[in-house]
Amino acid sequence: MALMNEPTAPYHSAQDALRVLETVSRHSTGVTATELARRAGLGADRLTALLRMLRREGYVEQAADGAYVTGAALGRLGSAHGREQALRDKLQQTIDRLRDSVGAAIYISRYIDGEVRVTQYAESPSTPAVNEWVDFRSSAHASAVGKSLLGQLDHNGRRDHLARHKMARLTSRTITSERLLLSRLDSQPATVPVLDLQEYAVGTVCAAVPITAGSSVGCLALSLPVEHAHRLRRAADTLNRGATPVLLSLAI
């Protein structure tokens, strides 16, 4: 289990959840909440919230005597055989649930081999995905997904990406100045979601939060039609809180 140390609430929650899972995993016959709190160094309220999330995600189960044991989802992700498909299925379940709770299309994106890639998404008739009218790989400067991923790279990594992808003007709001974009990325707090206010596409607003586990740079994002722009910041906060299960799945 590996998780980068970042100063965001989802990272802290995922780190705490990993400590709980590691403790449960070491007790094959089960461990009580009292013992979990002591060994993981967590308060009762904090542990209760984490256990609720871990049970919902299938990572722990509660036995008849009240003790906690590892759940089926943890076993599937912890197994070398079929882990990739198990992880994909688990992430899809998580973002499907996020789509319904946030009321927006949800995306998982990764920075792979120097390119922006949307690896999974969850949409519905009432929460349609954004129309990819310009390849996401060449529009990182304009999208919340791209800016979140670029923001997690070092300065040389950002410059290298922008040298390979021309900063085209996609809408009247698109930033096309490399100097301005780099300045914005430098000043973006890690704890604040990155926003796209019709910079990628007219009629669409987006938000993204980092979900970097280990050495893999990633982000969790949402999109809304512009008529729902008044919901964007609240939806982004909900997305940020919902990032913990995604981080956890990636880190196990």
# chains A, B, ... in the order shown; residues from 1 in each chain; ligands from 1

call {"tool": "select_by_dssp", "arguments": {"residues": "stretch 155-227 of chain A", "states": "strand (DSSP E or B)", "output": "number ranges by chain"}}
result
A: 194-197, 204-210, 213, 216, 218-225

call {"tool": "residues_around", "arguments": {"residues": "A:Pro125", "least_positions_apart": "5", "cutoff": "12 Å", "atoms": "only C-alpha atoms", "output": "JSON, numbers by chain"}}
result
{"A": [99, 100, 103, 104, 105]}

call {"tool": "residues_around", "arguments": {"residues": "A:Leu153", "least_positions_apart": "2", "cutoff": "12 Å", "atoms": "only C-alpha atoms", "output": "list in words"}}
result
Arg110, Tyr111, Ile112, Gly114, Glu115, Gly146, Lys147, Ser148, Leu149, Leu150, Gly151, His155, Asn156, Gly157, Arg158, Arg159, Asp160, His161, Leu162, Leu182, Leu185, Asp186, Pro210, Thr212, Ser215, Ser216, Val217 and Gly218 of chain A

call {"tool": "select_by_dssp", "arguments": {"residues": "stretch 104-151 of chain A", "states": "alpha helix (DSSP H)", "output": "PyMOL selection string"}}
result
chain A and resi 144-151

call {"tool": "closest_residue", "arguments": {"among": "A:Leu197, A:Val209, A:Ala64, A:Leu248", "to": "A:Ala229", "atoms": "only C-alpha atoms"}}
result
A:Leu197

call {"tool": "atom_distance", "arguments": {"atom1": "atom CA of A:Thr29", "atom2": "atom CA of A:Ala63"}}
result
9.4 Å

call {"tool": "residues_around", "arguments": {"residues": "stretch 42-48 of chain A", "least_positions_apart": "2", "cutoff": "12 Å", "atoms": "only C-alpha atoms", "output": "number ranges by chain"}}
result
A: 12-13, 15-21, 32-40, 50-55, 68

call {"tool": "residues_around", "arguments": {"residues": "A:Ala236", "least_positions_apart": "3", "cutoff": "10 Å", "atoms": "only C-alpha atoms", "output": "ChimeraX atom specification"}}
result
/A:102,104,192-195,206-209,220-223,231-233,239-242

call {"tool": "write_last_selection", "arguments": {"atoms": "C-alpha atoms", "output": "short mmCIF file (atom, residue, chain, number, x, y, z; two decimals), in the first residue's frame"}}
result
data_model
loop_
_atom_site.label_atom_id
_atom_site.label_comp_id
_atom_site.auth_asym_id
_atom_site.auth_seq_id
_atom_site.Cartn_x
_atom_site.Cartn_y
_atom_site.Cartn_z
CA VAL A 102 -22.81 14.96 -6.99
CA ALA A 104 -22.54 15.51 -12.49
CA VAL A 192 -8.46 23.85 -3.75
CA PRO A 193 -10.14 22.18 -6.77
CA VAL A 194 -8.98 23.38 -10.20
CA LEU A 195 -11.82 24.95 -12.18
CA CYS A 206 -15.58 21.58 -14.80
CA ALA A 207 -13.62 20.97 -11.62
CA ALA A 208 -10.78 18.57 -10.77
CA VAL A 209 -8.95 17.39 -7.66
CA LEU A 220 -10.78 13.11 -10.28
CA ALA A 221 -13.00 15.55 -12.18
CA LEU A 222 -16.60 16.53 -12.87
CA SER A 223 -18.40 18.46 -15.58
CA ARG A 231 -23.60 24.37 -8.30
CA LEU A 232 -19.98 24.03 -9.37
CA ARG A 233 -18.16 24.98 -6.17
CA LEU A 239 -16.03 15.65 -5.31
CA ASN A 240 -13.05 16.45 -3.10
CA ARG A 241 -14.60 14.63 -0.15
CA GLY A 242 -15.47 11.71 -2.43
#

call {"tool": "atom_distance", "arguments": {"atom1": "atom CA of A:Glu123", "atom2": "atom CA of A:Pro189"}}
result
28.2 Å

call {"tool": "residues_around", "arguments": {"residues": "stretch 82-93 of chain A", "least_positions_apart": "4", "cutoff": "8 Å", "atoms": "only C-alpha atoms", "output": "PyMOL selection string"}}
result
chain A and resi 73+76-78+97+120-122+246+249-250

call {"tool": "write_last_selection", "arguments": {"atoms": "all heavy atoms", "output": "compact mmCIF listing (two decimals), in the first residue's frame"}}
result
# COMPACT_ATOMS: atom_id res chain seq x y z
N ALA A 73 -13.73 -6.99 -1.22
CA ALA A 73 -13.11 -6.04 -2.15
C ALA A 73 -11.62 -5.90 -1.89
O ALA A 73 -10.83 -5.79 -2.83
CB ALA A 73 -13.79 -4.67 -2.04
N ARG A 76 -9.88 -8.90 -3.40
CA ARG A 76 -9.75 -8.85 -4.87
C ARG A 76 -8.65 -7.90 -5.30
O ARG A 76 -7.87 -8.19 -6.20
CB ARG A 76 -11.08 -8.43 -5.49
CG ARG A 76 -12.14 -9.54 -5.46
CD ARG A 76 -13.33 -9.19 -6.34
NE ARG A 76 -14.07 -8.04 -5.83
CZ ARG A 76 -15.08 -8.13 -4.97
NH1 ARG A 76 -15.45 -9.32 -4.50
NH2 ARG A 76 -15.71 -7.04 -4.56
N LEU A 77 -8.57 -6.73 -4.65
CA LEU A 77 -7.54 -5.75 -5.03
C LEU A 77 -6.16 -6.17 -4.56
O LEU A 77 -5.16 -5.80 -5.16
CB LEU A 77 -7.88 -4.37 -4.46
CG LEU A 77 -9.06 -3.63 -5.09
CD1 LEU A 77 -9.16 -2.23 -4.52
CD2 LEU A 77 -8.92 -3.57 -6.60
N GLY A 78 -6.11 -6.93 -3.49
CA GLY A 78 -4.82 -7.36 -2.96
C GLY A 78 -4.24 -8.55 -3.67
O GLY A 78 -3.08 -8.92 -3.45
N ARG A 97 -21.27 5.95 -8.15
CA ARG A 97 -21.92 6.44 -6.94
C ARG A 97 -21.68 7.94 -6.78
O ARG A 97 -22.59 8.69 -6.40
CB ARG A 97 -21.40 5.68 -5.73
CG ARG A 97 -22.18 5.95 -4.45
CD ARG A 97 -21.93 4.90 -3.38
NE ARG A 97 -20.53 4.70 -3.13
CZ ARG A 97 -19.88 3.55 -3.33
NH1 ARG A 97 -20.53 2.50 -3.81
NH2 ARG A 97 -18.61 3.43 -3.05
N GLN A 120 -11.35 6.50 -17.13
CA GLN A 120 -12.70 6.03 -16.83
C GLN A 120 -13.61 7.22 -16.62
O GLN A 120 -13.14 8.30 -16.22
CB GLN A 120 -12.71 5.16 -15.56
CG GLN A 120 -12.11 3.78 -15.75
CD GLN A 120 -12.12 2.95 -14.47
OE1 GLN A 120 -11.09 2.70 -13.87
NE2 GLN A 120 -13.29 2.49 -14.07
N TYR A 121 -14.90 7.02 -16.88
CA TYR A 121 -15.85 8.09 -16.60
C TYR A 121 -17.22 7.49 -16.30
O TYR A 121 -17.49 6.33 -16.64
CB TYR A 121 -15.94 9.08 -17.75
CG TYR A 121 -16.47 8.53 -19.05
CD1 TYR A 121 -17.82 8.65 -19.37
CD2 TYR A 121 -15.62 7.89 -19.97
CE1 TYR A 121 -18.31 8.15 -20.57
CE2 TYR A 121 -16.10 7.39 -21.15
CZ TYR A 121 -17.45 7.52 -21.45
OH TYR A 121 -17.94 7.01 -22.63
N ALA A 122 -18.03 8.29 -15.65
CA ALA A 122 -19.40 7.86 -15.31
C ALA A 122 -20.34 8.97 -15.74
O ALA A 122 -20.21 10.12 -15.30
CB ALA A 122 -19.52 7.61 -13.81
N VAL A 246 -11.47 6.65 -3.96
CA VAL A 246 -10.70 6.47 -5.20
C VAL A 246 -9.22 6.37 -4.88
O VAL A 246 -8.51 5.47 -5.37
CB VAL A 246 -10.96 7.65 -6.17
CG1 VAL A 246 -10.11 7.49 -7.44
CG2 VAL A 246 -12.43 7.74 -6.52
N SER A 249 -8.47 2.94 -3.35
CA SER A 249 -8.42 1.86 -4.31
C SER A 249 -7.11 1.85 -5.08
O SER A 249 -6.51 0.80 -5.33
CB SER A 249 -9.58 1.97 -5.31
OG SER A 249 -10.82 1.84 -4.65
N LEU A 250 -6.61 3.03 -5.43
CA LEU A 250 -5.36 3.14 -6.18
C LEU A 250 -4.16 2.77 -5.32
O LEU A 250 -3.13 2.31 -5.83
CB LEU A 250 -5.18 4.56 -6.72
CG LEU A 250 -6.19 5.01 -7.79
CD1 LEU A 250 -6.03 6.49 -8.07
CD2 LEU A 250 -5.99 4.19 -9.07

call {"tool": "atom_distance", "arguments": {"atom1": "atom CA of A:Glu22", "atom2": "atom CA of A:Arg56"}}
result
17.5 Å

call {"tool": "closest_residue", "arguments": {"among": "A:Val60, A:Ala67, A:Val205, A:Ala251", "to": "A:Ser143", "atoms": "only C-alpha atoms"}}
result
A:Val205

call {"tool": "closest_residue", "arguments": {"among": "A:Val130, A:Ile175, A:Val116, A:Ile211", "to": "A:Val226", "atoms": "only C-alpha atoms"}}
result
A:Val130

call {"tool": "decode", "arguments": {"residues": "stretch 168-199 of chain A", "atoms": "N, CA, C and O atoms", "output": "tab-separated table (two decimals), in the first residue's frame"}}
result
chain	number	residue	atom	x	y	z
A	168	ALA	N	-3.67	26.26	-27.98
A	168	ALA	CA	-4.64	26.85	-28.90
A	168	ALA	C	-5.78	27.52	-28.13
A	168	ALA	O	-6.14	27.10	-27.04
A	169	ARG	N	-6.35	28.56	-28.71
A	169	ARG	CA	-7.50	29.23	-28.12
A	169	ARG	C	-8.76	28.44	-28.50
A	169	ARG	O	-9.16	28.41	-29.67
A	170	LEU	N	-9.38	27.80	-27.51
A	170	LEU	CA	-10.56	26.99	-27.77
A	170	LEU	C	-11.85	27.77	-27.55
A	170	LEU	O	-12.85	27.50	-28.21
A	171	THR	N	-11.83	28.70	-26.61
A	171	THR	CA	-12.95	29.62	-26.38
A	171	THR	C	-12.35	30.98	-26.04
A	171	THR	O	-11.13	31.12	-25.90
A	172	SER	N	-13.21	31.97	-25.86
A	172	SER	CA	-12.71	33.31	-25.52
A	172	SER	C	-12.07	33.34	-24.12
A	172	SER	O	-11.36	34.28	-23.79
A	173	ARG	N	-12.30	32.30	-23.31
A	173	ARG	CA	-11.77	32.26	-21.95
A	173	ARG	C	-10.48	31.44	-21.83
A	173	ARG	O	-9.87	31.38	-20.76
A	174	THR	N	-10.06	30.80	-22.90
A	174	THR	CA	-8.88	29.94	-22.85
A	174	THR	C	-7.60	30.74	-22.62
A	174	THR	O	-7.37	31.75	-23.30
A	175	ILE	N	-6.78	30.28	-21.69
A	175	ILE	CA	-5.46	30.89	-21.47
A	175	ILE	C	-4.52	30.37	-22.55
A	175	ILE	O	-4.35	29.16	-22.71
A	176	THR	N	-3.91	31.28	-23.29
A	176	THR	CA	-2.97	30.87	-24.34
A	176	THR	C	-1.56	31.36	-24.07
A	176	THR	O	-0.64	31.09	-24.85
A	177	SER	N	-1.36	32.05	-22.97
A	177	SER	CA	-0.02	32.52	-22.57
A	177	SER	C	0.62	31.47	-21.66
A	177	SER	O	0.10	31.17	-20.58
A	178	GLU	N	1.75	30.91	-22.10
A	178	GLU	CA	2.44	29.92	-21.28
A	178	GLU	C	2.86	30.51	-19.95
A	178	GLU	O	2.73	29.88	-18.90
A	179	ARG	N	3.34	31.73	-19.97
A	179	ARG	CA	3.80	32.39	-18.74
A	179	ARG	C	2.65	32.54	-17.75
A	179	ARG	O	2.79	32.26	-16.56
A	180	LEU	N	1.47	32.95	-18.25
A	180	LEU	CA	0.32	33.11	-17.37
A	180	LEU	C	-0.15	31.77	-16.83
A	180	LEU	O	-0.47	31.63	-15.64
A	181	LEU	N	-0.19	30.75	-17.69
A	181	LEU	CA	-0.63	29.44	-17.24
A	181	LEU	C	0.30	28.88	-16.17
A	181	LEU	O	-0.15	28.38	-15.14
A	182	LEU	N	1.61	28.97	-16.40
A	182	LEU	CA	2.57	28.46	-15.42
A	182	LEU	C	2.44	29.21	-14.09
A	182	LEU	O	2.55	28.61	-13.02
A	183	SER	N	2.17	30.50	-14.17
A	183	SER	CA	1.99	31.30	-12.96
A	183	SER	C	0.74	30.83	-12.21
A	183	SER	O	0.75	30.70	-10.97
A	184	ARG	N	-0.33	30.57	-12.95
A	184	ARG	CA	-1.57	30.09	-12.32
A	184	ARG	C	-1.35	28.73	-11.67
A	184	ARG	O	-1.86	28.46	-10.58
A	185	LEU	N	-0.61	27.86	-12.35
A	185	LEU	CA	-0.35	26.53	-11.79
A	185	LEU	C	0.50	26.62	-10.53
A	185	LEU	O	0.26	25.89	-9.56
A	186	ASP	N	1.47	27.52	-10.54
A	186	ASP	CA	2.33	27.70	-9.37
A	186	ASP	C	1.55	28.19	-8.15
A	186	ASP	O	1.86	27.84	-7.01
A	187	SER	N	0.53	29.01	-8.40
A	187	SER	CA	-0.22	29.62	-7.29
A	187	SER	C	-1.45	28.82	-6.88
A	187	SER	O	-2.14	29.20	-5.94
A	188	GLN	N	-1.72	27.70	-7.56
A	188	GLN	CA	-2.90	26.89	-7.26
A	188	GLN	C	-2.68	26.09	-5.98
A	188	GLN	O	-1.81	25.22	-5.93
A	189	PRO	N	-3.44	26.34	-4.92
A	189	PRO	CA	-3.28	25.56	-3.69
A	189	PRO	C	-3.68	24.10	-3.92
A	189	PRO	O	-4.66	23.82	-4.62
A	190	ALA	N	-2.93	23.18	-3.33
A	190	ALA	CA	-3.23	21.75	-3.51
A	190	ALA	C	-4.59	21.38	-2.95
A	190	ALA	O	-5.21	20.41	-3.40
A	191	THR	N	-5.07	22.14	-1.98
A	191	THR	CA	-6.33	21.81	-1.32
A	191	THR	C	-7.56	22.39	-2.02
A	191	THR	O	-8.68	22.11	-1.61
A	192	VAL	N	-7.35	23.19	-3.06
A	192	VAL	CA	-8.46	23.85	-3.75
A	192	VAL	C	-8.67	23.21	-5.12
A	192	VAL	O	-7.72	23.09	-5.90
A	193	PRO	N	-9.90	22.77	-5.46
A	193	PRO	CA	-10.14	22.18	-6.77
A	193	PRO	C	-9.79	23.14	-7.91
A	193	PRO	O	-10.01	24.35	-7.80
A	194	VAL	N	-9.25	22.60	-8.99
A	194	VAL	CA	-8.98	23.38	-10.20
A	194	VAL	C	-10.28	23.52	-10.97
A	194	VAL	O	-11.02	22.53	-11.14
A	195	LEU	N	-10.57	24.72	-11.45
A	195	LEU	CA	-11.82	24.95	-12.18
A	195	LEU	C	-11.56	25.26	-13.65
A	195	LEU	O	-10.51	25.78	-14.01
A	196	ASP	N	-12.53	24.93	-14.47
A	196	ASP	CA	-12.56	25.29	-15.89
A	196	ASP	C	-13.91	25.92	-16.14
A	196	ASP	O	-14.93	25.25	-16.15
A	197	LEU	N	-13.91	27.25	-16.32
A	197	LEU	CA	-15.15	28.00	-16.53
A	197	LEU	C	-15.29	28.32	-18.01
A	197	LEU	O	-14.93	29.40	-18.46
A	198	GLN	N	-15.74	27.35	-18.78
A	198	GLN	CA	-15.91	27.47	-20.23
A	198	GLN	C	-14.60	27.79	-20.94
A	198	GLN	O	-14.60	28.48	-21.96
A	199	GLU	N	-13.50	27.25	-20.43
A	199	GLU	CA	-12.20	27.44	-21.09
A	199	GLU	C	-11.97	26.38	-22.15
A	199	GLU	O	-11.32	26.64	-23.16
